[in-house]
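Q: Mind looking over this structure? Questions follow.
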Amino acid sequence: MNSVRSFGFASRWRIGALLLWLVLVCLLPGILGVAILFAREYRNGRAQLERDLMATARAMAQAVDSQLLRAQTIGEVLAASGVGNRQDLEGFHRRARAVIATTKVGMNVVLSDESGQQIINTLRDYGEPLPRHGHPAMLRRVFETAKPVVSEVYIGGVLRKPVVSIDLPVIVDTKVTYVLSIGLSPYEFNSILVAQNFPAGWVSAIFDHTGTIAARTHAPEEFIGQKGTAEYIQRISQSPEGVMETVTLEGIPTLSAWSRSPVTGWSVGIGIPRQLLERDLMHTMTWLALGLAALLVVGLGLAWMAGRIIAASVRALTEPAIALGNGQLVPIPEVCIQEAAEVATALRQAGELLAERSAALVAANREVEQLARRDTLTGLQNRKSANERLRMEFLRLKRSGHPYAVLFMDVDWFKGVNDTHGHEAGDQVLRHMATVLTSSLRATDFVARYGGEEFLALLSETTREGALRIAEVVRRTVADQPFPVVGQVTVSIGVAMAHGEDQDEESAVRRADAALYQAKEDGRNAVRSS
């Protein structure tokens, strides 16, 4: 038999050798690629874990803000609900207890005067002896600035345990008369930590704006009220969020992420023990390497097909995730993997739940806004709403020259009504007065209960003569109306026009008040202008 050489062919590769080299050509780049992939996956996994930790800390800081601001909103409503009336402190004590019981926000309400003496504390029955405020420096700050303050963790005056308070000014006649405090137990913040369902061994804590621990997953009874580590306090003062390797108060080395709120200055820290992190990562990477090596040899084709199916299913979740982020209805895509289908269903449920909670939050905010601007006794707008309307009308006058008038009204001899017939009769008179004023004024006019038996009306687009006519109509209507229990009631009215040269919206109010005083001096049941 003639050899191939005899036909001029040089030596050729055998099939076995070609297959061997083919396997080696496929295997060696695969091994090299897997090694590179493992190194990148380790770095990417570490970076992704840090990003996830930071995102979780940021969300938790927002949850802490939400809890603090909810308490502040409730405190503002209580501060505007007539607490300045010392004659009804017992009634305010009952209302405050009811608000705490209903809203489940905070553990108590405290009312303190400028000396620091507690006047009301819902943890004690009304009239029981009370200590001084547990944080006099914070109290002085509220009296000096007339602004709400979120305290750090301090020892409460009644409980003698760590507490947090939202301290708000109670303003009567433009002066801070009391400070109203909504007390929060540090343990109320534990629900935020528990809700994260961190793996065993992870450490998370909530810190106030001074770096004091307010809540902690591990040994809270030991560490609440203590400062965080010096390194942590230094880092959060330098940057609002970040990741660092540090050591916990127990001496455990950890990879920690933190986020500090720009609103309250409170921060959240999450730490993963370095030993646990390295063990879990190396354990995962080892099994991944073994599996990839085996699959590379015996199932490269199947892995390629499965990878395409998995990638398609994961990519199909992109649209639902974007829709969830935009607050839209989340579509459920067609996927080939059960787990991807469960994630898609969970995204749909999360979108529906987010929509429901957003709607509920909007409704709750709207209701709180209405309560903050409406007098609960008469149903009229309250002083806060009146001040806002005065400011709006004054700016409109400055901008376009449209005139407006202020009517300052005071029920005559109202103290005698309360003294003779009781406060319930006085409340009926005020409610009926609100009805008479609403029906006597024009639909475009604004009327509010300004305080006690005082009412204020704003008459837009009105001249001085027109304002005096309307005031006289109101005076006669009130005098001719039969009032419940007391019969006849009269009202004194001061009228003032706002002027373009006024420095602020209070100038017209002061002139109307002076005219009201003159009406009182002239025998009451009268209209005077200034």
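We name chains A, B, ... following the order of the structure tokens; residues begin at 1 in each chain, and ligands are numbered from 1 as shown.
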Please identify which residues in stretch 89-141 of chain A DSSP calls helix (DSSP H, G or I) from the backbone, and express them as a PyMOL selection string.

A: chain A and resi 89-103+136-141

Q: Kindly save the residues from that selection, with N, CA, C and O atoms included, as a PDB file, in the first residue's frame.

A:
ATOM      1  N   LEU A  89     -55.811  73.074  81.133  1.00  0.00           N
ATOM      2  CA  LEU A  89     -54.672  72.164  81.048  1.00  0.00           C
ATOM      3  C   LEU A  89     -55.093  70.719  81.283  1.00  0.00           C
ATOM      4  O   LEU A  89     -54.533  69.796  80.684  1.00  0.00           O
ATOM      5  N   GLU A  90     -56.069  70.521  82.157  1.00  0.00           N
ATOM      6  CA  GLU A  90     -56.537  69.150  82.393  1.00  0.00           C
ATOM      7  C   GLU A  90     -57.167  68.573  81.129  1.00  0.00           C
ATOM      8  O   GLU A  90     -56.949  67.409  80.783  1.00  0.00           O
ATOM      9  N   GLY A  91     -57.927  69.390  80.410  1.00  0.00           N
ATOM     10  CA  GLY A  91     -58.510  68.936  79.156  1.00  0.00           C
ATOM     11  C   GLY A  91     -57.435  68.624  78.127  1.00  0.00           C
ATOM     12  O   GLY A  91     -57.533  67.642  77.380  1.00  0.00           O
ATOM     13  N   PHE A  92     -56.402  69.471  78.072  1.00  0.00           N
ATOM     14  CA  PHE A  92     -55.310  69.192  77.143  1.00  0.00           C
ATOM     15  C   PHE A  92     -54.592  67.906  77.529  1.00  0.00           C
ATOM     16  O   PHE A  92     -54.177  67.138  76.655  1.00  0.00           O
ATOM     17  N   HIS A  93     -54.454  67.643  78.822  1.00  0.00           N
ATOM     18  CA  HIS A  93     -53.839  66.393  79.284  1.00  0.00           C
ATOM     19  C   HIS A  93     -54.619  65.195  78.745  1.00  0.00           C
ATOM     20  O   HIS A  93     -54.032  64.220  78.251  1.00  0.00           O
ATOM     21  N   ARG A  94     -55.945  65.259  78.807  1.00  0.00           N
ATOM     22  CA  ARG A  94     -56.760  64.157  78.296  1.00  0.00           C
ATOM     23  C   ARG A  94     -56.594  64.024  76.781  1.00  0.00           C
ATOM     24  O   ARG A  94     -56.453  62.906  76.263  1.00  0.00           O
ATOM     25  N   ARG A  95     -56.600  65.142  76.066  1.00  0.00           N
ATOM     26  CA  ARG A  95     -56.466  65.073  74.619  1.00  0.00           C
ATOM     27  C   ARG A  95     -55.101  64.512  74.221  1.00  0.00           C
ATOM     28  O   ARG A  95     -54.996  63.727  73.277  1.00  0.00           O
ATOM     29  N   ALA A  96     -54.085  64.933  74.918  1.00  0.00           N
ATOM     30  CA  ALA A  96     -52.738  64.452  74.587  1.00  0.00           C
ATOM     31  C   ALA A  96     -52.630  62.947  74.802  1.00  0.00           C
ATOM     32  O   ALA A  96     -52.050  62.230  73.979  1.00  0.00           O
ATOM     33  N   ARG A  97     -53.197  62.458  75.910  1.00  0.00           N
ATOM     34  CA  ARG A  97     -53.182  61.009  76.129  1.00  0.00           C
ATOM     35  C   ARG A  97     -53.928  60.276  75.023  1.00  0.00           C
ATOM     36  O   ARG A  97     -53.492  59.229  74.533  1.00  0.00           O
ATOM     37  N   ALA A  98     -55.057  60.841  74.597  1.00  0.00           N
ATOM     38  CA  ALA A  98     -55.845  60.210  73.539  1.00  0.00           C
ATOM     39  C   ALA A  98     -55.070  60.179  72.230  1.00  0.00           C
ATOM     40  O   ALA A  98     -55.111  59.192  71.487  1.00  0.00           O
ATOM     41  N   VAL A  99     -54.343  61.254  71.919  1.00  0.00           N
ATOM     42  CA  VAL A  99     -53.563  61.302  70.678  1.00  0.00           C
ATOM     43  C   VAL A  99     -52.462  60.234  70.704  1.00  0.00           C
ATOM     44  O   VAL A  99     -52.251  59.515  69.719  1.00  0.00           O
ATOM     45  N   ILE A 100     -51.753  60.110  71.824  1.00  0.00           N
ATOM     46  CA  ILE A 100     -50.698  59.100  71.929  1.00  0.00           C
ATOM     47  C   ILE A 100     -51.283  57.700  71.764  1.00  0.00           C
ATOM     48  O   ILE A 100     -50.726  56.842  71.066  1.00  0.00           O
ATOM     49  N   ALA A 101     -52.447  57.467  72.404  1.00  0.00           N
ATOM     50  CA  ALA A 101     -53.077  56.141  72.320  1.00  0.00           C
ATOM     51  C   ALA A 101     -53.570  55.860  70.912  1.00  0.00           C
ATOM     52  O   ALA A 101     -53.500  54.714  70.441  1.00  0.00           O
ATOM     53  N   THR A 102     -54.046  56.875  70.211  1.00  0.00           N
ATOM     54  CA  THR A 102     -54.629  56.670  68.886  1.00  0.00           C
ATOM     55  C   THR A 102     -53.549  56.513  67.817  1.00  0.00           C
ATOM     56  O   THR A 102     -53.614  55.608  66.985  1.00  0.00           O
ATOM     57  N   THR A 103     -52.559  57.392  67.827  1.00  0.00           N
ATOM     58  CA  THR A 103     -51.554  57.392  66.757  1.00  0.00           C
ATOM     59  C   THR A 103     -50.455  56.347  66.972  1.00  0.00           C
ATOM     60  O   THR A 103     -49.787  55.969  66.016  1.00  0.00           O
ATOM     61  N   PRO A 136     -32.570  70.575  80.122  1.00  0.00           N
ATOM     62  CA  PRO A 136     -32.792  72.025  80.195  1.00  0.00           C
ATOM     63  C   PRO A 136     -32.124  72.795  79.057  1.00  0.00           C
ATOM     64  O   PRO A 136     -32.643  73.820  78.617  1.00  0.00           O
ATOM     65  N   ALA A 137     -30.970  72.331  78.558  1.00  0.00           N
ATOM     66  CA  ALA A 137     -30.310  73.059  77.466  1.00  0.00           C
ATOM     67  C   ALA A 137     -31.170  73.052  76.210  1.00  0.00           C
ATOM     68  O   ALA A 137     -31.285  74.061  75.507  1.00  0.00           O
ATOM     69  N   MET A 138     -31.769  71.902  75.896  1.00  0.00           N
ATOM     70  CA  MET A 138     -32.647  71.828  74.730  1.00  0.00           C
ATOM     71  C   MET A 138     -33.871  72.706  74.928  1.00  0.00           C
ATOM     72  O   MET A 138     -34.356  73.365  74.001  1.00  0.00           O
ATOM     73  N   LEU A 139     -34.380  72.754  76.164  1.00  0.00           N
ATOM     74  CA  LEU A 139     -35.548  73.590  76.479  1.00  0.00           C
ATOM     75  C   LEU A 139     -35.220  75.056  76.227  1.00  0.00           C
ATOM     76  O   LEU A 139     -36.001  75.782  75.600  1.00  0.00           O
ATOM     77  N   ARG A 140     -34.059  75.498  76.719  1.00  0.00           N
ATOM     78  CA  ARG A 140     -33.666  76.903  76.503  1.00  0.00           C
ATOM     79  C   ARG A 140     -33.513  77.220  75.019  1.00  0.00           C
ATOM     80  O   ARG A 140     -33.874  78.307  74.564  1.00  0.00           O
ATOM     81  N   ARG A 141     -33.007  76.261  74.273  1.00  0.00           N
ATOM     82  CA  ARG A 141     -32.826  76.492  72.838  1.00  0.00           C
ATOM     83  C   ARG A 141     -34.171  76.729  72.145  1.00  0.00           C
ATOM     84  O   ARG A 141     -34.282  77.596  71.288  1.00  0.00           O
TER      85      ARG A 141
END

Q: Write out as a compact mmCIF listing (two decimals) with N, CA and C atoms, in the first residue's frame which residues come within 10 Å of A:Ala514 when counting only C-alpha atoms, dropping same-chain ones fewer than 3 positions away.

A:
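Below you can see out-v6.txt, which holds the result:
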# COMPACT_ATOMS: atom_id res chain seq x y z
N PHE A 408 -61.29 93.17 63.11
CA PHE A 408 -60.91 92.50 64.36
C PHE A 408 -62.13 92.56 65.28
N GLY A 494 -63.22 96.33 65.27
CA GLY A 494 -62.24 97.32 64.82
C GLY A 494 -61.93 97.10 63.36
N VAL A 495 -61.94 98.16 62.58
CA VAL A 495 -61.74 98.08 61.14
C VAL A 495 -60.46 98.84 60.77
N ALA A 496 -59.66 98.24 59.90
CA ALA A 496 -58.44 98.90 59.42
C ALA A 496 -58.17 98.48 58.00
N ALA A 508 -51.64 96.27 59.66
CA ALA A 508 -53.10 96.46 59.59
C ALA A 508 -53.80 95.79 60.76
N VAL A 509 -53.30 94.64 61.19
CA VAL A 509 -53.91 93.93 62.32
C VAL A 509 -53.77 94.77 63.59
N ARG A 510 -52.61 95.40 63.78
CA ARG A 510 -52.43 96.23 64.97
C ARG A 510 -53.35 97.44 64.95
N ARG A 511 -53.54 98.02 63.77
CA ARG A 511 -54.47 99.16 63.70
C ARG A 511 -55.91 98.72 63.97
N TYR A 517 -60.09 98.27 70.44
CA TYR A 517 -59.95 98.78 71.80
C TYR A 517 -60.77 100.06 71.99
N GLN A 518 -60.77 100.91 70.95
CA GLN A 518 -61.56 102.15 71.04
C GLN A 518 -63.05 101.84 71.11
N ALA A 519 -63.49 100.83 70.33
CA ALA A 519 -64.90 100.42 70.38
C ALA A 519 -65.27 99.94 71.77
N LYS A 520 -64.36 99.23 72.41
CA LYS A 520 -64.61 98.77 73.78
C LYS A 520 -64.70 99.97 74.73
N ARG A 528 -65.55 100.71 65.10
CA ARG A 528 -64.63 101.83 65.03
C ARG A 528 -63.54 101.49 64.00
N SER A 529 -63.02 102.52 63.36
CA SER A 529 -61.98 102.31 62.36
C SER A 529 -60.73 103.10 62.75
N SER A 530 -59.63 102.66 62.17
CA SER A 530 -58.35 103.30 62.46
C SER A 530 -57.66 103.64 61.15

Q: Have a look at A:Lys384, A:Arg315, A:Arg389, A:Arg442 and name the one nearest to A:Ala467; count only C-alpha atoms.

A: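 The closest residue to A:Ala467 is A:Arg442.
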
Q: Please report the interatomic distance between atom CA of A:Thr210 and atom CA of A:Leu277 in Å with one decimal.

A: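 For atom CA of A:Thr210 relative to atom CA of A:Leu277, the distance reads 29.3 Å.
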
Q: What lies within 8 Å of A:Leu377 using only C-alpha atoms, ignoring chain neighbours under 5 positions off, as a PyMOL selection string?

A: chain A and resi 427+430-431

Q: Using only C-alpha atoms, determine which residues lie at most 10 Å from A:Thr438, disregarding the query and same-chain residues fewer than 4 positions distant; provide the list as a PDB file with N, CA and C atoms, in the first residue's frame.

A:
ATOM      1  N   LEU A 380     -64.073  77.109  62.114  1.00  0.00           N
ATOM      2  CA  LEU A 380     -63.456  78.152  61.294  1.00  0.00           C
ATOM      3  C   LEU A 380     -61.961  77.890  61.127  1.00  0.00           C
ATOM      4  N   HIS A 432     -72.007  79.444  67.701  1.00  0.00           N
ATOM      5  CA  HIS A 432     -73.079  80.185  67.024  1.00  0.00           C
ATOM      6  C   HIS A 432     -72.533  81.478  66.411  1.00  0.00           C
ATOM      7  N   MET A 433     -71.585  82.101  67.084  1.00  0.00           N
ATOM      8  CA  MET A 433     -70.961  83.304  66.546  1.00  0.00           C
ATOM      9  C   MET A 433     -70.269  82.981  65.213  1.00  0.00           C
ATOM     10  N   ALA A 434     -69.591  81.840  65.145  1.00  0.00           N
ATOM     11  CA  ALA A 434     -68.938  81.441  63.893  1.00  0.00           C
ATOM     12  C   ALA A 434     -69.963  81.286  62.773  1.00  0.00           C
ATOM     13  N   ARG A 442     -69.300  88.036  53.030  1.00  0.00           N
ATOM     14  CA  ARG A 442     -69.396  87.616  51.637  1.00  0.00           C
ATOM     15  C   ARG A 442     -68.685  86.275  51.427  1.00  0.00           C
ATOM     16  N   ALA A 443     -69.071  85.613  50.317  1.00  0.00           N
ATOM     17  CA  ALA A 443     -68.461  84.303  50.029  1.00  0.00           C
ATOM     18  C   ALA A 443     -66.966  84.437  49.780  1.00  0.00           C
ATOM     19  N   ASP A 445     -64.987  86.545  51.342  1.00  0.00           N
ATOM     20  CA  ASP A 445     -64.277  86.998  52.543  1.00  0.00           C
ATOM     21  C   ASP A 445     -63.720  85.814  53.318  1.00  0.00           C
ATOM     22  N   PHE A 446     -62.729  86.079  54.113  1.00  0.00           N
ATOM     23  CA  PHE A 446     -62.073  85.052  54.941  1.00  0.00           C
ATOM     24  C   PHE A 446     -62.320  85.393  56.405  1.00  0.00           C
ATOM     25  N   VAL A 447     -62.721  84.369  57.201  1.00  0.00           N
ATOM     26  CA  VAL A 447     -62.960  84.597  58.625  1.00  0.00           C
ATOM     27  C   VAL A 447     -62.304  83.470  59.406  1.00  0.00           C
ATOM     28  N   ALA A 448     -61.722  83.814  60.538  1.00  0.00           N
ATOM     29  CA  ALA A 448     -61.010  82.830  61.360  1.00  0.00           C
ATOM     30  C   ALA A 448     -61.206  83.178  62.827  1.00  0.00           C
ATOM     31  N   ALA A 457     -61.491  88.855  60.301  1.00  0.00           N
ATOM     32  CA  ALA A 457     -61.993  88.693  58.939  1.00  0.00           C
ATOM     33  C   ALA A 457     -61.144  89.525  57.992  1.00  0.00           C
ATOM     34  N   VAL A 474     -72.492  93.102  60.186  1.00  0.00           N
ATOM     35  CA  VAL A 474     -72.129  92.030  61.116  1.00  0.00           C
ATOM     36  C   VAL A 474     -72.561  92.389  62.538  1.00  0.00           C
TER      37      VAL A 474
END

Q: I'd like to know which residues of stretch 69-172 of chain A are strand (DSSP E) (by DSSP, run on the backbone); could you write them as a list in words?

A: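 Output for stretch 69-172 of chain A, strand (DSSP E) only: Asn108, Val109, Val110, Leu111, Ser112, Gln118, Ile119, Ile120, Asn121, Val149, Val150, Tyr154, Ile155, Pro162, Val163, Val164, Ser165, Ile166, Asp167, Leu168, Pro169, Val170, Ile171 and Val172 of chain A.
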
Q: For a quick check of understanding, using only C-alpha atoms, which of A:Val411, A:Val64, A:Ala293, A:Ala372 has the smallest distance to A:Ser385?

A: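 Looking only at the distances to A:Ser385, the closest residue turns out to be A:Ala372.
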